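Asks: Contents are mmCIF, C-alpha atoms; file name start-v2.cif:
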```
data_entry
loop_
_atom_site.label_atom_id
_atom_site.label_comp_id
_atom_site.auth_asym_id
_atom_site.auth_seq_id
_atom_site.Cartn_x
_atom_site.Cartn_y
_atom_site.Cartn_z
CA MET A 1 40.84 208.73 144.39
CA ASN A 2 41.61 209.24 148.07
CA ALA A 3 43.50 212.29 149.30
CA PRO A 4 47.24 211.63 149.67
CA ALA A 5 48.28 210.15 152.99
CA PRO A 6 50.16 212.50 155.31
CA SER A 7 53.82 212.79 154.35
CA ASP A 8 55.14 212.78 157.94
CA VAL A 9 57.86 210.22 158.41
CA GLY A 10 57.21 206.92 160.08
CA ARG A 11 58.50 203.37 160.19
CA LEU A 12 58.01 200.72 157.52
CA VAL A 13 58.44 197.07 158.46
CA HIS A 14 59.23 194.69 155.61
CA LEU A 15 58.78 190.92 155.80
CA GLY A 16 60.79 188.79 153.39
CA ILE A 17 64.03 190.70 152.78
CA GLY A 18 65.25 188.97 149.63
CA ASN A 19 66.76 190.31 146.44
CA PHE A 20 63.47 191.46 144.94
CA ALA A 21 62.47 193.61 147.91
CA ARG A 22 65.85 195.31 147.94
CA ALA A 23 65.70 195.97 144.18
CA HIS A 24 62.11 197.16 144.11
CA THR A 25 60.05 198.11 147.17
CA LEU A 26 62.93 199.29 149.35
CA GLN A 27 64.58 201.13 146.48
CA ALA A 28 61.34 203.07 146.02
CA THR A 29 61.22 203.72 149.77
CA ALA A 30 64.78 205.05 149.64
CA VAL A 31 63.79 207.48 146.87
CA ALA A 32 60.73 208.56 148.87
CA GLY A 33 63.11 209.47 151.70
CA GLY A 34 62.87 210.01 155.43
CA TRP A 35 61.35 206.73 156.55
CA SER A 36 62.82 204.24 158.98
CA VAL A 37 62.88 200.66 157.64
CA VAL A 38 63.19 197.52 159.74
CA ALA A 39 63.24 194.25 157.82
CA PHE A 40 62.79 190.58 158.59
CA THR A 41 64.15 187.64 156.64
CA GLY A 42 61.88 185.09 155.00
CA ARG A 43 63.45 181.98 156.52
CA SER A 44 67.21 181.88 157.03
CA ALA A 45 68.93 184.36 159.32
CA ALA A 46 71.88 184.63 156.92
CA MET A 47 70.62 187.78 155.17
CA ALA A 48 70.02 189.46 158.52
CA ASP A 49 73.58 188.72 159.61
CA ALA A 50 75.06 189.93 156.32
CA LEU A 51 73.09 193.18 156.12
CA ASN A 52 73.52 194.06 159.79
CA ALA A 53 77.29 193.61 159.41
CA GLN A 54 77.11 196.26 156.65
CA GLY A 55 74.92 198.66 158.63
CA GLY A 56 71.96 197.76 156.41
CA ARG A 57 73.65 199.14 153.30
CA TYR A 58 73.85 197.20 150.04
CA GLY A 59 74.84 197.71 146.43
CA LEU A 60 72.21 197.85 143.69
CA ILE A 61 73.40 197.02 140.16
CA VAL A 62 70.94 198.07 137.46
CA ARG A 63 72.11 195.95 134.54
CA GLY A 64 71.20 197.33 131.14
CA PRO A 65 71.94 195.64 127.81
CA GLU A 66 75.19 197.60 127.47
CA ALA A 67 76.29 198.90 130.88
CA ASP A 68 75.72 198.81 134.65
CA GLU A 69 74.45 201.61 136.84
CA VAL A 70 75.62 201.03 140.42
CA SER A 71 74.48 202.71 143.63
CA VAL A 72 74.70 201.98 147.35
CA LEU A 73 71.35 202.13 149.15
CA ASP A 74 71.24 203.14 152.79
CA VAL A 75 67.57 202.64 153.63
CA ILE A 76 67.51 199.73 156.14
CA ASP A 77 68.03 200.48 159.82
CA GLU A 78 68.05 196.90 161.07
CA VAL A 79 67.30 193.35 159.94
CA HIS A 80 65.92 190.57 162.12
CA PRO A 81 65.61 186.86 161.38
CA ALA A 82 62.05 185.70 160.77
CA ALA A 83 62.21 183.68 164.00
CA ASP A 84 62.46 186.89 166.10
CA VAL A 85 58.71 187.05 166.67
CA ASP A 86 59.07 189.24 169.76
CA ALA A 87 60.83 191.95 167.76
CA LEU A 88 58.07 192.03 165.14
CA VAL A 89 55.33 192.14 167.77
CA ALA A 90 57.04 195.07 169.50
CA LEU A 91 57.43 196.96 166.22
CA LEU A 92 53.79 196.51 165.21
CA ALA A 93 52.66 197.66 168.66
CA ASP A 94 54.65 200.89 168.23
CA PRO A 95 52.55 203.79 166.81
CA PHE A 96 55.58 204.96 164.79
CA THR A 97 55.07 201.86 162.58
CA THR A 98 52.31 202.54 160.04
CA VAL A 99 53.20 200.38 157.02
CA VAL A 100 54.07 196.69 156.67
CA THR A 101 55.14 195.46 153.21
CA LEU A 102 55.52 191.79 152.34
CA THR A 103 57.43 189.75 149.76
CA ILE A 104 56.89 186.27 151.20
CA THR A 105 56.12 184.46 147.86
CA GLU A 106 52.85 182.74 147.00
CA LYS A 107 53.39 179.89 149.44
CA GLY A 108 53.89 182.28 152.36
CA TYR A 109 50.16 183.03 152.59
CA SER A 110 49.23 179.43 153.38
CA ALA A 111 51.98 178.67 155.87
CA GLY A 112 49.66 177.69 158.73
CA SER A 113 49.15 179.08 162.23
CA ASP A 114 52.58 178.65 163.81
CA PRO A 115 54.19 182.09 164.27
CA ALA A 116 57.59 180.43 163.96
CA THR A 117 56.90 179.63 160.30
CA SER A 118 53.91 181.77 159.30
CA ALA A 119 54.14 185.49 158.48
CA PRO A 120 50.33 185.98 158.72
CA ALA A 121 50.36 184.39 162.19
CA ARG A 122 53.20 186.70 163.27
CA ILE A 123 51.35 189.76 161.96
CA ALA A 124 48.23 188.68 163.88
CA LEU A 125 50.24 188.62 167.11
CA GLY A 126 51.61 192.08 166.35
CA LEU A 127 48.14 193.50 165.64
CA LYS A 128 46.88 192.06 168.92
CA ALA A 129 49.71 193.86 170.72
CA ARG A 130 48.92 197.08 168.81
CA ARG A 131 45.27 196.90 169.91
CA GLU A 132 46.25 196.21 173.51
CA ALA A 133 48.64 199.19 173.40
CA GLY A 134 45.73 201.45 172.44
CA VAL A 135 47.24 202.66 169.16
CA THR A 136 44.60 204.52 167.15
CA GLU A 137 46.37 205.39 163.87
CA PRO A 138 45.65 202.85 161.13
CA ILE A 139 48.41 200.54 159.98
CA ALA A 140 48.62 199.40 156.34
CA LEU A 141 49.53 195.86 155.28
CA VAL A 142 50.77 195.93 151.66
CA SER A 143 51.31 192.69 149.76
CA CYS A 144 53.97 192.83 147.02
CA ASP A 145 53.73 189.21 145.88
CA ASN A 146 52.67 187.80 142.51
CA LEU A 147 49.09 186.92 143.36
CA THR A 148 45.89 188.29 141.86
CA GLY A 149 44.13 190.17 144.66
CA ASN A 150 47.21 189.78 146.84
CA GLY A 151 45.79 192.17 149.43
CA GLU A 152 42.64 190.09 149.72
CA VAL A 153 44.71 186.92 150.07
CA LEU A 154 46.81 188.59 152.77
CA GLY A 155 43.75 189.89 154.58
CA GLN A 156 42.14 186.46 154.67
CA ALA A 157 45.35 184.85 155.91
CA VAL A 158 45.79 187.38 158.73
CA ARG A 159 42.12 187.45 159.77
CA ALA A 160 42.16 183.67 160.11
CA GLU A 161 44.77 184.04 162.88
CA LEU A 162 43.13 186.85 164.88
CA ASP A 163 41.53 186.46 168.29
CA GLU A 164 37.92 187.64 168.62
CA GLU A 165 38.69 191.06 170.11
CA THR A 166 41.38 191.90 167.56
CA ALA A 167 39.12 190.76 164.73
CA ALA A 168 36.47 193.24 165.88
CA TRP A 169 39.12 196.01 166.09
CA PHE A 170 40.70 195.13 162.74
CA GLU A 171 38.41 196.91 160.25
CA ASP A 172 38.73 200.32 161.91
CA HIS A 173 42.49 200.16 162.36
CA VAL A 174 44.04 198.07 159.56
CA ASP A 175 44.16 198.76 155.81
CA VAL A 176 44.97 195.68 153.72
CA ILE A 177 46.22 196.82 150.33
CA SER A 178 46.92 195.09 147.03
CA SER A 179 49.79 196.08 144.78
CA MET A 180 51.32 195.01 141.47
CA VAL A 181 55.11 194.80 141.34
CA ASP A 182 57.29 194.28 138.30
CA ARG A 183 61.08 194.18 138.13
CA ILE A 184 63.10 191.17 137.04
CA THR A 185 65.69 190.45 139.72
CA PRO A 186 67.94 187.43 139.12
CA SER A 187 70.41 186.05 141.62
CA ALA A 188 73.60 188.09 141.76
CA ASP A 189 76.43 186.66 139.67
CA ASP A 190 79.89 185.91 141.06
CA GLY A 191 81.26 189.23 139.84
CA ALA A 192 78.55 191.43 141.33
CA ALA A 193 80.46 192.22 144.53
CA ASP A 194 83.51 193.21 142.48
CA THR A 195 81.34 195.50 140.34
CA VAL A 196 79.99 197.29 143.42
CA ARG A 197 83.45 197.66 144.94
CA GLU A 198 85.06 198.89 141.72
CA GLN A 199 82.39 201.51 141.01
CA THR A 200 81.55 202.69 144.55
CA GLY A 201 84.36 201.54 146.85
CA PHE A 202 81.83 199.70 149.02
CA ALA A 203 82.63 196.11 150.05
CA ASP A 204 79.29 194.33 149.76
CA ALA A 205 78.66 190.69 150.68
CA VAL A 206 75.06 190.71 149.39
CA PRO A 207 74.76 192.86 146.24
CA VAL A 208 71.57 192.95 144.19
CA VAL A 209 71.36 192.77 140.39
CA THR A 210 68.24 193.97 138.59
CA GLU A 211 67.00 195.33 135.26
CA PRO A 212 66.36 198.99 134.31
CA PHE A 213 62.58 198.49 134.05
CA THR A 214 60.54 198.94 137.23
CA GLU A 215 56.81 199.28 137.91
CA TRP A 216 54.82 199.42 141.13
CA VAL A 217 51.05 200.06 141.16
CA ILE A 218 49.33 200.32 144.55
CA GLU A 219 45.71 200.60 145.65
CA ASP A 220 45.06 204.13 146.91
CA ARG A 221 43.47 203.20 150.24
CA PHE A 222 45.87 204.37 152.95
CA ARG A 223 44.26 206.06 155.94
CA GLY A 224 47.51 206.53 157.84
CA ARG A 225 51.00 207.73 157.03
CA ARG A 226 52.96 206.17 154.18
CA PRO A 227 56.17 206.98 152.27
CA GLU A 228 55.84 209.40 149.36
CA TRP A 229 56.42 206.64 146.85
CA GLU A 230 55.18 208.91 144.06
CA LYS A 231 58.70 210.38 144.06
CA ALA A 232 59.91 207.00 142.78
CA GLY A 233 57.31 206.82 140.03
CA VAL A 234 54.89 204.58 141.90
CA GLN A 235 51.34 204.74 140.53
CA PHE A 236 48.34 204.82 142.86
CA THR A 237 45.02 203.57 141.49
CA ASP A 238 41.46 202.68 142.40
CA ASP A 239 41.52 199.71 139.96
CA ILE A 240 44.43 197.41 140.73
CA GLU A 241 42.97 194.22 139.27
CA VAL A 242 43.63 194.93 135.60
CA HIS A 243 47.28 195.81 136.34
CA GLU A 244 47.72 192.63 138.37
CA ARG A 245 46.21 190.40 135.70
CA ARG A 246 48.24 191.98 132.91
CA LYS A 247 51.49 191.31 134.71
CA LEU A 248 50.51 187.89 136.06
CA ARG A 249 49.26 186.57 132.72
CA LEU A 250 51.89 188.10 130.41
CA LEU A 251 55.15 188.44 132.37
CA ASN A 252 54.76 185.81 135.08
CA GLY A 253 52.95 183.43 132.74
CA ALA A 254 55.73 183.65 130.15
CA HIS A 255 58.40 183.34 132.85
CA THR A 256 56.77 180.16 134.14
CA LEU A 257 56.49 178.66 130.67
CA MET A 258 60.10 179.50 129.78
CA ALA A 259 61.42 178.26 133.14
CA TYR A 260 60.22 174.73 132.41
CA ALA A 261 60.06 174.52 128.61
CA GLY A 262 63.45 176.20 128.30
CA GLN A 263 65.15 173.70 130.56
CA VAL A 264 63.40 170.78 128.88
CA ALA A 265 64.74 172.17 125.58
CA GLY A 266 68.26 172.28 127.01
CA VAL A 267 68.83 175.98 127.76
CA THR A 268 69.47 177.56 131.15
CA ARG A 269 68.81 181.32 130.92
CA VAL A 270 65.84 183.52 130.06
CA ASP A 271 67.61 185.23 127.15
CA GLU A 272 68.43 181.80 125.70
CA ALA A 273 64.84 180.60 126.16
CA ILE A 274 63.26 183.58 124.38
CA GLY A 275 65.85 183.17 121.63
CA HIS A 276 64.97 179.48 121.17
CA ARG A 277 62.67 179.30 118.15
CA GLU A 278 60.27 176.66 119.51
CA VAL A 279 60.15 178.00 123.06
CA ARG A 280 59.52 181.51 121.73
CA ALA A 281 56.62 180.13 119.66
CA LEU A 282 55.10 178.70 122.84
CA VAL A 283 55.49 182.07 124.58
CA GLU A 284 53.79 183.84 121.68
CA GLN A 285 50.91 181.34 121.82
CA LEU A 286 50.54 181.89 125.56
CA TRP A 287 50.56 185.67 125.08
CA SER A 288 47.90 185.40 122.39
CA GLU A 289 45.64 183.46 124.75
CA ALA A 290 46.36 185.63 127.78
CA ARG A 291 45.49 188.78 125.85
CA GLU A 292 41.97 187.41 125.34
CA THR A 293 41.47 187.50 129.13
CA LEU A 294 42.66 191.11 129.54
CA PRO A 295 40.23 194.04 129.01
CA LEU A 296 42.92 196.41 127.73
CA PRO A 297 43.45 198.15 124.38
CA ALA A 298 45.37 196.15 121.78
CA ASP A 299 48.02 198.86 121.36
CA GLU A 300 48.71 198.86 125.11
CA LEU A 301 49.11 195.08 125.12
CA ASP A 302 51.34 195.27 122.03
CA ALA A 303 53.59 197.77 123.77
CA TYR A 304 53.73 195.67 126.94
CA THR A 305 54.63 192.39 125.22
CA SER A 306 57.20 194.17 123.02
CA ALA A 307 58.80 195.60 126.16
CA LEU A 308 58.72 192.16 127.77
CA GLU A 309 60.54 190.59 124.85
CA GLU A 310 63.21 193.28 125.03
CA ARG A 311 63.59 192.69 128.75
CA PHE A 312 63.78 188.91 128.33
CA ARG A 313 66.45 189.27 125.62
CA ASN A 314 68.80 191.32 127.84
CA PRO A 315 71.91 189.08 127.69
CA ARG A 316 73.70 190.81 130.53
CA LEU A 317 70.92 190.10 133.02
CA ALA A 318 71.64 186.35 132.70
CA ASP A 319 68.51 185.35 134.61
CA ASN A 320 68.70 181.62 135.34
CA LEU A 321 65.62 179.52 134.59
CA ILE A 322 66.23 177.30 137.62
CA ARG A 323 65.55 180.32 139.86
CA ILE A 324 62.19 180.97 138.23
CA ALA A 325 61.28 177.28 138.25
CA ALA A 326 61.02 177.08 142.05
CA ASP A 327 57.64 176.53 143.74
CA GLY A 328 55.68 175.42 140.69
CA THR A 329 52.85 173.96 142.76
CA ALA A 330 52.25 177.42 144.22
CA LYS A 331 52.63 179.34 140.93
CA LEU A 332 50.76 177.29 138.33
CA PRO A 333 47.40 177.37 140.18
CA VAL A 334 47.41 181.18 140.09
CA ARG A 335 49.06 181.68 136.69
CA ALA A 336 48.07 178.96 134.20
CA LEU A 337 44.99 177.22 135.61
CA PRO A 338 42.71 180.29 135.92
CA ALA A 339 43.52 181.31 132.34
CA ILE A 340 42.69 177.82 131.07
CA ALA A 341 39.32 177.96 132.84
CA GLU A 342 38.52 181.47 131.55
CA LEU A 343 39.39 180.52 127.98
CA GLY A 344 36.98 177.58 128.05
CA GLY A 345 39.18 174.57 128.75
CA PRO A 346 42.47 173.03 127.65
CA ASP A 347 41.49 172.70 123.97
CA LYS A 348 41.10 176.50 123.82
CA ALA A 349 44.36 177.23 125.66
CA PRO A 350 47.25 175.22 124.16
CA GLY A 351 49.85 177.79 125.29
CA GLU A 352 48.71 177.62 128.90
CA VAL A 353 48.54 173.82 128.69
CA ALA A 354 52.12 173.87 127.41
CA ALA A 355 53.19 175.69 130.60
CA VAL A 356 51.65 172.94 132.73
CA ALA A 357 53.05 170.17 130.52
CA ALA A 358 56.50 171.75 130.62
CA TRP A 359 56.31 171.64 134.43
CA THR A 360 55.27 167.98 134.56
CA ALA A 361 57.98 167.07 132.04
CA TRP A 362 60.65 169.11 133.81
CA VAL A 363 59.97 167.78 137.32
CA THR A 364 59.88 164.24 135.93
CA ASP A 365 63.21 164.68 134.15
CA ARG A 366 64.75 166.29 137.20
CA VAL A 367 63.59 163.68 139.71
CA ARG A 368 64.61 160.80 137.48
CA ALA A 369 68.06 162.37 137.04
CA GLY A 370 68.46 162.38 140.83
CA HIS A 371 68.03 166.13 141.37
CA GLU A 372 65.84 167.84 143.95
CA VAL A 373 62.91 170.03 142.93
CA GLN A 374 62.64 173.21 144.99
CA ASP A 375 58.97 173.23 145.90
CA PRO A 376 56.85 173.09 149.08
CA LYS A 377 55.56 169.73 147.79
CA SER A 378 58.94 168.34 146.73
CA ALA A 379 58.42 164.96 148.42
CA GLU A 380 55.05 164.44 146.73
CA ILE A 381 56.52 165.52 143.38
CA ALA A 382 59.34 162.99 143.73
CA GLU A 383 56.87 160.20 144.44
CA ALA A 384 54.56 161.11 141.54
CA ALA A 385 57.40 161.59 139.06
CA GLY A 386 58.52 158.04 139.66
CA ILE A 387 55.29 156.55 138.27
CA GLN A 388 56.00 154.90 134.92
CA ASP A 389 52.60 155.11 133.24
CA ALA A 390 52.35 158.59 131.68
CA THR A 391 48.65 159.17 132.42
CA GLU A 392 48.96 157.97 136.02
CA ARG A 393 52.09 160.08 136.52
CA VAL A 394 50.51 163.25 135.14
CA THR A 395 47.33 162.57 137.13
CA ALA A 396 49.38 162.34 140.34
CA LEU A 397 51.39 165.49 139.54
CA LEU A 398 48.32 167.55 138.62
CA ALA A 399 46.59 166.40 141.81
CA LEU A 400 49.25 168.51 143.56
CA LEU A 401 47.73 171.50 141.71
CA ASP A 402 44.24 170.43 142.87
CA VAL A 403 43.29 169.13 139.42
CA ALA A 404 40.79 166.29 139.83
CA ALA A 405 41.35 162.84 138.34
CA GLY A 406 39.61 162.62 134.99
CA ASP A 407 39.89 166.35 134.26
CA PRO A 408 40.41 166.96 130.49
CA LEU A 409 43.59 168.86 131.34
CA ILE A 410 45.31 165.55 132.20
CA ALA A 411 44.99 164.08 128.70
CA ALA A 412 45.95 167.44 127.17
CA VAL A 413 49.12 167.59 129.29
CA VAL A 414 50.09 163.98 128.48
CA ALA A 415 49.80 164.78 124.77
CA GLU A 416 51.59 168.14 125.04
CA GLU A 417 54.56 166.59 126.87
CA GLN A 418 55.35 164.68 123.68
CA ARG A 419 55.38 167.87 121.61
CA LEU A 420 57.70 169.91 123.82
CA PRO A 421 61.03 170.87 122.23
CA ARG A 422 63.96 168.74 123.38
CA PRO A 423 67.71 169.22 122.86
#
```
As structure tokens, what does this structure read like?

Replies:
Amino acid sequence: MNAPAPSDVGRLVHLGIGNFARAHTLQATAVAGGWSVVAFTGRSAAMADALNAQGGRYGLIVRGPEADEVSVLDVIDEVHPAADVDALVALLADPFTTVVTLTITEKGYSAGSDPATSAPARIALGLKARREAGVTEPIALVSCDNLTGNGEVLGQAVRAELDEETAAWFEDHVDVISSMVDRITPSADDGAADTVREQTGFADAVPVVTEPFTEWVIEDRFRGRRPEWEKAGVQFTDDIEVHERRKLRLLNGAHTLMAYAGQVAGVTRVDEAIGHREVRALVEQLWSEARETLPLPADELDAYTSALEERFRNPRLADNLIRIAADGTAKLPVRALPAIAELGGPDKAPGEVAAVAAWTAWVTDRVRAGHEVQDPKSAEIAEAAGIQDATERVTALLALLDVAAGDPLIAAVVAEEQRLPRP
């Protein structure tokens, strides 16, 4: 393992300042102490306006099964809207900035080459400015999104936007680092602001609600300064892949399945979905299959899935399935489809097939009921969901996941749709 990075303070820039980042990565940075943090929104400027009006402070509600633990975090110096490209370029050109963390969701890594809409394109402009400024200390780009090999995905996305000179400079001056993040963070409920005010006296327009469990595992490959995240319990490792796959296949896979199958079955929250006998059976089947793809001891996997069930059953977290259901065309290709392939095809992976079938059934129900599906391919989903023939409809929907016409998964999904629990 590499020697620890120097503990001198520096600046961390975070892209994608949503609830999860404030509950997880920035909370760990606050515990590490001493570092300046400048954040950028993912899309809307609303979060920047709200946090800046509060001096960057916000309330964090850790919601256990029986009680809340509330604190006010004062870790953010300033928040910019994503559209403020000039501000990001200036920050990345500044030698005081040595770490960039990202929570831009799966779809953020394929957002194209327009800096106005693409975080990788904006980072490329900032790295060009850093090179031109003659900065020699390495800068680390740390992905905190739910993607296997998220650092590799980030590196490819950024390199694709670099000019020739910056590309040649890149390897000696930029560390691109994978990490595995795990903390369930639902949308704040209507009473969250009151909870923060009653327990701390702080009037907060944008409180964050999260669970007690938290895990962050990071590749130990920093050449420059970084926060002392160890103080927050962060684990540094030379083998990130097994941690990523465990979380992606067991937590994220189950979340995806419950998000769609739960709503098809008529429930709206995670705790209700895991408590639904038939949906729980699907989750257990998916876990059984996913475990076959994970090279970890059985007792470790037992402990992890037991902890997951306890987390899912937390009634006070009230995590809404509709939140988790967003962006299915970005999630299923990295969660369900690789597992199906590794297990030997749809006939060997009925739990994973159920996750895909629950998605096709849910989007079809939702479109036909006149509701919008939150997804980067929402227009294509709406068109496909309107097809009356089941095989043609599923073929069109799975094409949005890059599943070829005639793939055995199509027939398996058509059949599984009929077996899904309904109200």

Asks: Enclose stretch 175-178 of chain A, meaning all of its atoms listed in the file, in a box aligned along x, y and z, pad it by 6 Å on each side, and list the centre and edge lengths in Å to one decimal, as JSON.

Replies:
```
{"center_x": 45.5, "center_y": 196.9, "center_z": 151.4, "size_x": 14.8, "size_y": 15.7, "size_z": 20.8}
```

Asks: Return as a VMD selection string the set of residues that the PyMOL selection byres ((chain A and resi 55-62) around 7) yields on the displayed structure.

Replies: chain A and resid 23 51 to 54 63 to 64 68 to 74 76 to 78 196 204 206 to 212

Asks: Using the chain letters and numbering of this document, enumerate as a PyMOL selection string the residues selected by the PyMOL selection byres ((chain A and resi 8) around 12).

Replies: chain A and resi 4-7+9-11+32-36+96-98+224-228

Asks: Might you spell out which residues the PyMOL selection byres ((chain A and resi 288) around 12) would select in the displayed file, as number ranges by chain?

Replies: A: 249-250, 253-254, 281-287, 289-294, 298, 301-302, 305, 339, 343, 348-352

Asks: Please determine, counting all atoms listed in the file, which residue among A:Lys231, A:His80, A:Arg159, A:Arg22 has the shortest atom-to-atom distance to A:Ala39.

Replies: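 Nearest to A:Ala39: A:His80.
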
Asks: Measure the distance from atom CA of A:Lys128 to atom CA of A:Arg221 in Å and round it to one decimal.

Replies: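 Calculated distance between atom CA of A:Lys128 and atom CA of A:Arg221 is 22.0 Å.
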
Asks: How many Å lie between atom CA of A:Ser378 and atom CA of A:Glu244, rounded to one decimal?

Replies: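 Between these atoms lies a distance of 28.0 Å.
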
Asks: Please work out which residues fall within 10 Å of (42.7, 190.7, 152.1), coordinates as given in the file, with all atoms listed in the file counting, and return them as a ChimeraX atom specification.

Replies: /A:141-143,149-159,175-178

Asks: Starting from the point (49.5, 167.1, 139.6), work out which residues of protein, DNA or RNA have an atom no more than 12 Å away when counting only C-alpha atoms; state them as a PDB file with C-alpha atoms, in the frame of the given file.

Replies:
```pdb
ATOM      1  CA  GLY A 328      55.680 175.420 140.690  1.00  0.00           C
ATOM      2  CA  THR A 329      52.850 173.960 142.760  1.00  0.00           C
ATOM      3  CA  ALA A 330      52.250 177.420 144.220  1.00  0.00           C
ATOM      4  CA  LEU A 332      50.760 177.290 138.330  1.00  0.00           C
ATOM      5  CA  PRO A 333      47.400 177.370 140.180  1.00  0.00           C
ATOM      6  CA  LEU A 337      44.990 177.220 135.610  1.00  0.00           C
ATOM      7  CA  VAL A 356      51.650 172.940 132.730  1.00  0.00           C
ATOM      8  CA  ALA A 357      53.050 170.170 130.520  1.00  0.00           C
ATOM      9  CA  TRP A 359      56.310 171.640 134.430  1.00  0.00           C
ATOM     10  CA  THR A 360      55.270 167.980 134.560  1.00  0.00           C
ATOM     11  CA  ALA A 361      57.980 167.070 132.040  1.00  0.00           C
ATOM     12  CA  VAL A 363      59.970 167.780 137.320  1.00  0.00           C
ATOM     13  CA  THR A 364      59.880 164.240 135.930  1.00  0.00           C
ATOM     14  CA  LYS A 377      55.560 169.730 147.790  1.00  0.00           C
ATOM     15  CA  SER A 378      58.940 168.340 146.730  1.00  0.00           C
ATOM     16  CA  GLU A 380      55.050 164.440 146.730  1.00  0.00           C
ATOM     17  CA  ILE A 381      56.520 165.520 143.380  1.00  0.00           C
ATOM     18  CA  ALA A 382      59.340 162.990 143.730  1.00  0.00           C
ATOM     19  CA  GLU A 383      56.870 160.200 144.440  1.00  0.00           C
ATOM     20  CA  ALA A 384      54.560 161.110 141.540  1.00  0.00           C
ATOM     21  CA  ALA A 385      57.400 161.590 139.060  1.00  0.00           C
ATOM     22  CA  ALA A 390      52.350 158.590 131.680  1.00  0.00           C
ATOM     23  CA  THR A 391      48.650 159.170 132.420  1.00  0.00           C
ATOM     24  CA  GLU A 392      48.960 157.970 136.020  1.00  0.00           C
ATOM     25  CA  ARG A 393      52.090 160.080 136.520  1.00  0.00           C
ATOM     26  CA  VAL A 394      50.510 163.250 135.140  1.00  0.00           C
ATOM     27  CA  THR A 395      47.330 162.570 137.130  1.00  0.00           C
ATOM     28  CA  ALA A 396      49.380 162.340 140.340  1.00  0.00           C
ATOM     29  CA  LEU A 397      51.390 165.490 139.540  1.00  0.00           C
ATOM     30  CA  LEU A 398      48.320 167.550 138.620  1.00  0.00           C
ATOM     31  CA  ALA A 399      46.590 166.400 141.810  1.00  0.00           C
ATOM     32  CA  LEU A 400      49.250 168.510 143.560  1.00  0.00           C
ATOM     33  CA  LEU A 401      47.730 171.500 141.710  1.00  0.00           C
ATOM     34  CA  ASP A 402      44.240 170.430 142.870  1.00  0.00           C
ATOM     35  CA  VAL A 403      43.290 169.130 139.420  1.00  0.00           C
ATOM     36  CA  ALA A 404      40.790 166.290 139.830  1.00  0.00           C
ATOM     37  CA  ALA A 405      41.350 162.840 138.340  1.00  0.00           C
ATOM     38  CA  GLY A 406      39.610 162.620 134.990  1.00  0.00           C
ATOM     39  CA  ASP A 407      39.890 166.350 134.260  1.00  0.00           C
ATOM     40  CA  LEU A 409      43.590 168.860 131.340  1.00  0.00           C
ATOM     41  CA  ILE A 410      45.310 165.550 132.200  1.00  0.00           C
ATOM     42  CA  VAL A 413      49.120 167.590 129.290  1.00  0.00           C
ATOM     43  CA  VAL A 414      50.090 163.980 128.480  1.00  0.00           C
TER      44      VAL A 414
END
```

Asks: I'd like the neighbourhood of A:Val270 as a PyMOL selection string, where a residue qualifies if any of its atoms comes within 6 Å (using all atoms listed in the file), though same-chain residues fewer than 2 positions away should be ignored.

Replies: chain A and resi 272-273+319

Asks: With distances taken over all atoms listed in the file, which residue among A:Pro65, A:Pro120, A:Gly344, A:Pro315 lies nearest A:Lys107?

Replies: A:Pro120

Asks: To one decimal place, how far is atom CA of A:Asp389 from atom CA of A:Trp362 in Å?

Replies: 16.2 Å

Asks: Out of A:Thr29, A:Thr195, A:Ser113, A:Gln374, which residue has the shortest atom-to-atom distance to A:Trp216 when counting all atoms listed in the file?

Replies: A:Thr29

Asks: Find the residue from A:Gln27, A:Thr185, A:Gln199, A:Asn19 that sits nearest to A:Ile104; use all atoms listed in the file when measuring.

Replies: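 Of A:Gln27, A:Thr185, A:Gln199, A:Asn19, the one nearest A:Ile104 is A:Asn19, counting all atoms listed in the file.
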
Asks: Pick the closest to A:Asp145 from A:Gln418, A:Thr101, A:Ser118, A:Thr166: which is it, counting all atoms listed in the file?

Replies: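 For A:Asp145, the nearest of the given residues is A:Thr101.
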
Asks: Counting all atoms listed in the file, which residue out of A:Val38, A:Ala168, A:Leu420, A:Val135 sits closest to A:Leu257?

Replies: A:Leu420

Asks: Can you tell me which residues surround A:Leu251 at a distance of at most 9 Å, considering all atoms listed in the file, apart from same-chain residues fewer than 4 positions away, and format the answer as number ranges by chain?

Replies: A: 182, 246-247, 255-256, 305, 308

Asks: Could you write those residues out with C-alpha atoms, as a compact mmCIF listing (two decimals), keeping the file's coordinate frame?

Replies:
```txt
# COMPACT_ATOMS: atom_id res chain seq x y z
CA ASP A 182 57.29 194.28 138.30
CA ARG A 246 48.24 191.98 132.91
CA LYS A 247 51.49 191.31 134.71
CA HIS A 255 58.40 183.34 132.85
CA THR A 256 56.77 180.16 134.14
CA THR A 305 54.63 192.39 125.22
CA LEU A 308 58.72 192.16 127.77
```
